[in-house]
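Listing of work.txt, compact mmCIF, C-alpha atoms
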# COMPACT_ATOMS: atom_id res chain seq x y z
CA MET C 1 -104.69 -143.47 7.68
CA PRO C 2 -102.74 -140.92 9.65
CA ASP C 3 -99.60 -139.72 7.91
CA ASN C 4 -97.85 -138.72 11.08
CA THR C 5 -97.54 -140.46 14.38
CA LEU C 6 -96.41 -139.26 17.76
CA ASP C 7 -93.35 -140.49 19.55
CA PRO C 8 -93.23 -138.68 22.89
CA LYS C 9 -90.01 -140.33 24.00
CA LYS C 10 -88.09 -138.50 21.31
CA TRP C 11 -89.78 -135.15 21.77
CA VAL C 12 -87.15 -133.62 24.02
CA ASP C 13 -84.25 -134.54 21.77
CA LEU C 14 -86.00 -133.55 18.59
CA TYR C 15 -88.01 -130.49 19.46
CA ALA C 16 -86.93 -129.04 22.83
CA ASP C 17 -84.41 -126.63 21.31
CA TYR C 18 -86.72 -125.63 18.52
CA LEU C 19 -89.60 -124.90 20.89
CA TYR C 20 -87.27 -123.18 23.32
CA ASN C 21 -86.03 -120.77 20.66
CA TYR C 22 -89.54 -120.12 19.53
CA THR C 23 -90.58 -119.34 23.09
CA ILE C 24 -87.61 -117.29 24.13
CA SER C 25 -88.11 -114.84 21.31
CA ARG C 26 -91.60 -114.28 22.64
CA VAL C 27 -91.25 -114.29 26.41
CA SER C 28 -87.53 -113.44 26.72
CA ASP C 29 -87.22 -114.98 30.20
CA PRO C 30 -85.19 -118.23 29.95
CA ASP C 31 -86.81 -119.84 33.00
CA VAL C 32 -90.32 -119.04 31.87
CA ALA C 33 -89.46 -120.29 28.39
CA GLN C 34 -88.22 -123.57 29.80
CA ASP C 35 -91.37 -124.02 31.86
CA LEU C 36 -93.53 -123.30 28.86
CA VAL C 37 -91.69 -125.89 26.80
CA GLN C 38 -92.21 -128.47 29.51
CA GLU C 39 -95.87 -127.58 29.85
CA THR C 40 -96.24 -127.91 26.10
CA PHE C 41 -94.86 -131.43 26.13
CA LEU C 42 -97.13 -132.39 29.01
CA ALA C 43 -100.16 -130.90 27.31
CA GLY C 44 -99.12 -132.77 24.19
CA LEU C 45 -99.12 -136.03 26.11
CA LYS C 46 -102.55 -135.36 27.50
CA SER C 47 -104.09 -134.56 24.15
CA ALA C 48 -102.13 -137.11 22.17
CA VAL C 49 -105.36 -139.03 21.57
CA ASN C 50 -106.69 -136.04 19.66
CA PHE C 51 -103.74 -135.99 17.30
CA LYS C 52 -105.13 -136.76 13.87
CA GLY C 53 -101.86 -137.08 12.06
CA GLU C 54 -102.67 -134.36 9.59
CA ALA C 55 -99.91 -132.07 10.70
CA SER C 56 -96.34 -132.98 11.51
CA GLU C 57 -95.45 -133.59 15.11
CA ARG C 58 -93.57 -130.33 15.32
CA THR C 59 -96.33 -128.21 13.84
CA TRP C 60 -98.73 -129.76 16.28
CA LEU C 61 -96.47 -129.08 19.26
CA ILE C 62 -95.94 -125.50 18.10
CA SER C 63 -99.68 -124.95 17.99
CA ILE C 64 -99.91 -126.12 21.60
CA LEU C 65 -96.99 -123.92 22.55
CA LYS C 66 -98.62 -120.88 20.98
CA ARG C 67 -101.64 -121.35 23.19
CA LYS C 68 -99.39 -121.78 26.22
CA ILE C 69 -97.62 -118.51 25.45
CA ILE C 70 -100.93 -116.68 25.12
CA ASP C 71 -102.06 -118.17 28.44
CA HIS C 72 -98.81 -117.02 30.00
CA TYR C 73 -99.43 -113.43 28.94
CA ARG C 74 -103.03 -113.58 30.07
CA LYS C 75 -101.85 -114.69 33.48
CA ILE C 76 -99.36 -111.84 33.72
CA ASN C 77 -101.89 -109.28 32.64
CA SER C 78 -104.44 -110.43 35.14
CA ASN C 79 -102.06 -109.65 37.97
CA LYS C 80 -103.80 -106.35 38.42
CA GLY C 81 -102.33 -103.52 40.36
CA LYS C 82 -98.84 -104.35 39.22
CA ALA C 83 -99.17 -102.47 35.99
CA GLU C 84 -96.98 -99.45 35.89
CA VAL C 85 -98.67 -96.25 34.91
CA ARG C 86 -96.54 -93.52 33.55
CA MET C 87 -97.78 -90.13 32.67
CA ASN C 88 -95.93 -87.79 30.46
CA TYR C 89 -96.06 -84.09 31.02
CA PRO C 90 -94.72 -81.81 28.39
CA SER C 91 -91.32 -80.74 29.46
CA ASP C 92 -90.14 -77.17 29.13
CA SER C 93 -86.59 -77.79 28.15
CA ASP C 94 -86.94 -80.23 25.29
CA GLU C 95 -90.26 -80.78 23.66
CA ASN C 96 -89.53 -84.12 22.14
CA GLU C 97 -87.76 -85.83 24.95
CA GLY C 98 -89.58 -87.34 27.86
CA ASP C 99 -88.95 -86.61 31.50
CA TRP C 100 -88.13 -90.17 32.30
CA LEU C 101 -84.49 -90.90 32.17
CA GLU C 102 -85.08 -94.06 30.18
CA GLN C 103 -86.79 -92.12 27.45
CA GLN C 104 -83.80 -89.89 26.99
CA VAL C 105 -81.39 -92.71 26.54
CA ALA C 106 -80.92 -93.90 23.00
CA ASP C 107 -82.59 -97.22 22.57
CA PRO C 108 -80.04 -99.61 21.09
CA PHE C 109 -82.75 -101.98 19.93
CA ASP C 110 -84.91 -99.38 18.32
CA GLY C 111 -83.53 -99.49 14.81
CA ASN C 112 -83.00 -103.20 15.00
CA ALA C 113 -86.54 -104.43 15.27
CA GLU C 114 -86.45 -105.79 11.78
CA ASP C 115 -82.98 -107.22 12.20
CA SER C 116 -83.87 -109.13 15.31
CA MET C 117 -87.03 -110.39 13.68
CA GLN C 118 -85.00 -111.64 10.79
CA ASN C 119 -82.47 -113.20 13.12
CA ASN C 120 -85.26 -114.97 14.90
CA GLU C 121 -86.57 -116.33 11.63
CA LEU C 122 -83.07 -117.39 10.71
CA GLY C 123 -82.69 -119.15 14.04
CA LEU C 124 -85.88 -121.09 13.51
CA ALA C 125 -84.88 -121.93 9.94
CA ILE C 126 -81.59 -123.34 11.20
CA GLN C 127 -83.38 -125.28 13.91
CA GLU C 128 -85.78 -126.68 11.37
CA CYS C 129 -82.93 -127.81 9.14
CA LEU C 130 -81.16 -129.27 12.15
CA SER C 131 -84.22 -131.30 13.05
CA ARG C 132 -84.11 -132.90 9.61
CA LEU C 133 -80.57 -134.16 10.16
CA PRO C 134 -79.86 -137.54 11.70
CA GLU C 135 -79.95 -137.10 15.47
CA LYS C 136 -76.25 -137.68 15.99
CA GLN C 137 -75.25 -135.11 13.39
CA ALA C 138 -77.59 -132.51 14.82
CA GLU C 139 -76.34 -133.16 18.32
CA VAL C 140 -72.66 -132.89 17.44
CA PHE C 141 -73.20 -129.82 15.30
CA LYS C 142 -75.15 -128.07 18.04
CA LEU C 143 -72.58 -128.86 20.70
CA LYS C 144 -69.74 -127.71 18.51
CA THR C 145 -71.16 -124.70 16.70
CA ILE C 146 -73.82 -123.30 18.97
CA ASP C 147 -72.57 -124.24 22.39
CA GLY C 148 -68.95 -123.78 21.31
CA MET C 149 -67.73 -126.86 23.13
CA ASP C 150 -64.17 -128.10 22.66
CA THR C 151 -63.60 -130.95 20.28
CA GLU C 152 -62.01 -132.97 23.04
CA ASP C 153 -64.91 -132.50 25.44
CA ILE C 154 -67.45 -133.52 22.85
CA CYS C 155 -65.42 -136.60 21.96
CA ASN C 156 -65.25 -137.61 25.60
CA GLU C 157 -68.88 -137.03 26.24
CA LEU C 158 -70.17 -138.83 23.16
CA ASN C 159 -67.42 -141.40 23.12
CA ILE C 160 -66.23 -140.78 19.57
CA THR C 161 -62.84 -140.08 18.05
CA ALA C 162 -61.82 -136.67 16.76
CA SER C 163 -61.76 -137.78 13.13
CA ASN C 164 -65.18 -139.28 13.70
CA LEU C 165 -66.37 -135.93 14.95
CA TRP C 166 -65.06 -134.06 11.93
CA VAL C 167 -66.73 -136.47 9.54
CA ILE C 168 -70.03 -135.93 11.35
CA ILE C 169 -69.51 -132.17 11.33
CA HIS C 170 -68.75 -132.23 7.64
CA ARG C 171 -71.89 -134.19 6.82
CA ALA C 172 -73.99 -131.92 9.00
CA ARG C 173 -72.53 -128.83 7.37
CA THR C 174 -73.09 -130.14 3.87
CA SER C 175 -76.73 -130.97 4.59
CA LEU C 176 -77.32 -127.69 6.39
CA ILE C 177 -75.89 -125.69 3.52
CA GLU C 178 -78.16 -127.55 1.15
CA CYS C 179 -81.17 -127.10 3.41
CA LEU C 180 -80.61 -123.39 4.01
CA ASN C 181 -79.51 -122.74 0.48
CA LYS C 182 -82.86 -121.83 -0.97
CA SER C 183 -83.73 -118.97 1.31
CA TRP C 184 -80.61 -117.85 3.14
CA PHE C 185 -77.55 -118.08 0.93
CA MET G 1 -52.97 -139.32 6.43
CA LYS G 2 -49.90 -138.10 8.24
CA GLU G 3 -47.39 -138.51 5.45
CA LYS G 4 -49.68 -136.61 3.13
CA GLN G 5 -49.82 -133.64 5.42
CA SER G 6 -46.27 -132.69 4.66
CA LYS G 7 -47.13 -132.05 1.04
CA ILE G 8 -48.05 -128.64 -0.21
CA PHE G 9 -50.95 -129.87 -2.26
CA LEU G 10 -54.00 -131.20 -0.50
CA ASN G 11 -56.59 -133.43 -2.00
CA CYS G 12 -60.21 -132.34 -1.79
CA LYS G 13 -60.98 -134.52 1.18
CA GLU G 14 -58.19 -132.96 3.20
CA ALA G 15 -59.22 -129.52 2.02
CA TYR G 16 -62.77 -130.09 3.24
CA HIS G 17 -61.43 -131.25 6.55
CA ILE G 18 -59.24 -128.19 7.06
CA CYS G 19 -62.03 -125.94 5.83
CA ASP G 20 -64.40 -127.40 8.42
CA LYS G 21 -61.81 -127.07 11.14
CA SER G 22 -61.05 -123.50 10.21
CA GLN G 23 -64.67 -122.62 10.93
CA TYR G 24 -63.82 -123.25 14.55
CA GLU G 25 -60.38 -121.64 14.46
CA GLU G 26 -58.69 -124.96 14.98
CA VAL G 27 -56.10 -124.88 12.21
CA SER G 28 -52.46 -123.85 12.07
CA SER G 29 -51.38 -121.10 9.74
CA TRP G 30 -49.46 -123.62 7.61
CA GLN G 31 -52.69 -125.58 7.14
CA LYS G 32 -54.43 -122.37 6.17
CA ILE G 33 -51.80 -121.67 3.53
CA LYS G 34 -52.18 -125.16 2.14
CA LEU G 35 -55.94 -124.73 2.10
CA ASN G 36 -55.66 -121.45 0.24
CA ILE G 37 -53.38 -123.02 -2.35
CA HIS G 38 -55.95 -125.75 -2.85
CA LEU G 39 -58.82 -123.28 -3.03
CA PHE G 40 -56.93 -121.33 -5.66
CA LEU G 41 -56.77 -124.45 -7.78
CA CYS G 42 -60.11 -126.11 -7.07
CA LYS G 43 -63.42 -124.53 -7.94
CA ILE G 44 -65.57 -127.04 -6.10
CA CYS G 45 -63.77 -126.58 -2.81
CA ARG G 46 -63.84 -122.83 -3.32
CA LYS G 47 -67.61 -123.00 -3.49
CA TYR G 48 -67.80 -125.23 -0.44
CA SER G 49 -65.49 -122.95 1.49
CA LYS G 50 -67.62 -119.94 0.64
CA ASN G 51 -70.83 -121.67 1.69
CA ASN G 52 -69.18 -123.04 4.79
CA LYS G 53 -68.14 -119.57 5.92
CA LYS G 54 -71.60 -118.28 5.22
CA LEU G 55 -73.09 -121.07 7.32
CA SER G 56 -70.84 -120.20 10.24
CA GLN G 57 -71.82 -116.58 9.90
CA LEU G 58 -75.53 -117.43 9.79
CA CYS G 59 -75.21 -119.61 12.86
CA SER G 60 -73.58 -116.87 14.88
CA GLU G 61 -76.03 -114.25 13.63
CA ALA G 62 -79.02 -116.37 14.46
CA ASN G 63 -78.16 -116.27 18.15
CA ILE G 64 -79.59 -119.70 18.73
CA LYS G 65 -80.18 -120.74 22.29
CA THR G 66 -80.22 -124.30 23.40
CA LEU G 67 -81.42 -125.90 26.57
CA LYS G 68 -78.67 -127.29 28.73
CA PRO G 69 -78.39 -131.11 28.80
CA GLN G 70 -79.34 -131.19 32.49
CA GLU G 71 -82.44 -129.18 31.76
CA LYS G 72 -83.39 -131.50 28.95
CA GLU G 73 -82.92 -134.47 31.25
CA LYS G 74 -85.21 -132.82 33.74
CA ILE G 75 -87.95 -132.38 31.18
CA LYS G 76 -87.41 -135.94 29.98
CA LYS G 77 -87.89 -137.28 33.49
CA VAL G 78 -91.09 -135.32 33.95
CA LEU G 79 -92.37 -136.69 30.65
CA GLU G 80 -91.38 -140.22 31.49
CA SER G 81 -93.10 -140.18 34.85
CA GLU G 82 -96.18 -138.83 33.10
CA LEU G 83 -95.99 -141.54 30.45
CA SER G 84 -95.72 -144.36 32.95
CA LYS G 85 -98.89 -143.29 34.72
File written out as structure tokens:
Amino acid sequence: MPDNTLDPKKWVDLYADYLYNYTISRVSDPDVAQDLVQETFLAGLKSAVNFKGEASERTWLISILKRKIIDHYRKINSNKGKAEVRMNYPSDSDENEGDWLEQQVADPFDGNAEDSMQNNELGLAIQECLSRLPEKQAEVFKLKTIDGMDTEDICNELNITASNLWVIIHRARTSLIECLNKSWF
Amino acid sequence: MKEKQSKIFLNCKEAYHICDKSQYEEVSSWQKIKLNIHLFLCKICRKYSKNNKKLSQLCSEANIKTLKPQEKEKIKKVLESELSK
């Protein structure tokens, strides 16, 4: 008996943000990331018959997405002739600095490689915890905390009262704290 | 709820509420004072407040990106048309 089943109608609500974050940290172009997420869902639909139910829905979708990202890079790399070749000649003035202007500029991301990696992990951890919340809680929390929407706007859009919203936010926060507690607090 | 708000001392439920709101900078300074008085007195809320702040900090550090609702709708439509085939 399969332990997990697929429910494609809920995929976008449940996993789109998670997959999008996963992708954007790897391809960094928002439009490309969005396309890849969509392609992943479509590929998921096509191969849904092969889903054995051994992994969770999300793990399965991520494994498809990984292949899509690799394909994406293969495609880019096969666009031959566009590759930029740079040659470095030793410069007289400063031995260590390159001739290219870009190489002389301090790279603000250089020392932060580990930081950004950790932030990416953190982002995925939060997304994972969010996906365990009831849909409504996750939705409200995302709108409020991540998108920074006004309370009033959220209430109008979702048709709830302000006190309703704060109760949902409180529940979401309590569960998230508990969920993230082990590794991040 | 309203008549209670004039008091200096909050109960835990009100303290939670103000603590949640303060994560989004939506509280008055008087509410903040009342919250701090409560936190001074109540260990449980103090712990919640600490964790709550940490959660806000983590969320902003994580730099999470979400797809816009329109974009999600677009993907949903594509999926639906594929499903109905």
Non-local contacts of stretch 141-157 of chain C (12 Å; all atoms listed in the file; under 5 positions in same chain excluded) as a PyMOL selection string: (chain C and resi 13+17-18+123+126-127+129-131+133-136+162-176) or (chain G and resi 20-21+23-26+55-69)
Quick one: residues within 8 Å of G:Cys12, all atoms listed in the file counted, chain neighbours fewer than 2 positions away excluded, as a ChimeraX atom specification? /G:10,14-16,38,45
Between C:Ser56, C:Gln118, C:Gln137, C:Asn159, which one has atoms that come closest to chain G, using all atoms listed in the file? C:Gln118
Go ahead and compute the interatomic distance for atom CA of C:Val37 and atom CA of C:Thr23, in Å to one decimal.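 Separation between atom CA of C:Val37 and atom CA of C:Thr23: 7.6 Å.
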Report, in Å with one decimal, the straight-line distance from atom CA of C:Tyr22 to atom CA of C:Glu39. 14.2 Å
Find the residues near C:Ser183: any atom within 10 Å, counting all atoms listed in the file, skip ones fewer than 3 places away on the same chain, and give them as a PyMOL selection string. chain C and resi 122+125+179-180
Which residues are near stretch 72-76 of chain C? Cut-off 9 Å, only C-alpha atoms, ignore same chain within fewer than 4 positions. Put them as a ChimeraX atom specification. /C:27,32,36,67-68,80
Could those selected residues go to a file with C-alpha atoms, as a PDB file, keeping the file's coordinate frame?
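Once written, part-v7.pdb looks like this:
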ATOM      1  CA  VAL C  27     -91.250-114.290  26.410  1.00  0.00           C
ATOM      2  CA  VAL C  32     -90.320-119.040  31.870  1.00  0.00           C
ATOM      3  CA  LEU C  36     -93.530-123.300  28.860  1.00  0.00           C
ATOM      4  CA  ARG C  67    -101.640-121.350  23.190  1.00  0.00           C
ATOM      5  CA  LYS C  68     -99.390-121.780  26.220  1.00  0.00           C
ATOM      6  CA  LYS C  80    -103.800-106.350  38.420  1.00  0.00           C
TER       7      LYS C  80
END
Could you pull the residues within 10 Å of C:Gln34, counting all atoms listed in the file, minus those fewer than 6 positions along the same chain, as a list in words?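 Residues meeting the cut-off are Ala16, Asp17, Leu19, Tyr20, Asn21, Thr23, Ile24 and Thr40 of chain C; Leu67, Glu71, Lys72 and Ile75 of chain G.
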Quick one, how far is atom CA of G:Leu35 from atom CA of C:Leu158?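 Atom CA of G:Leu35 sits 29.1 Å away from atom CA of C:Leu158.
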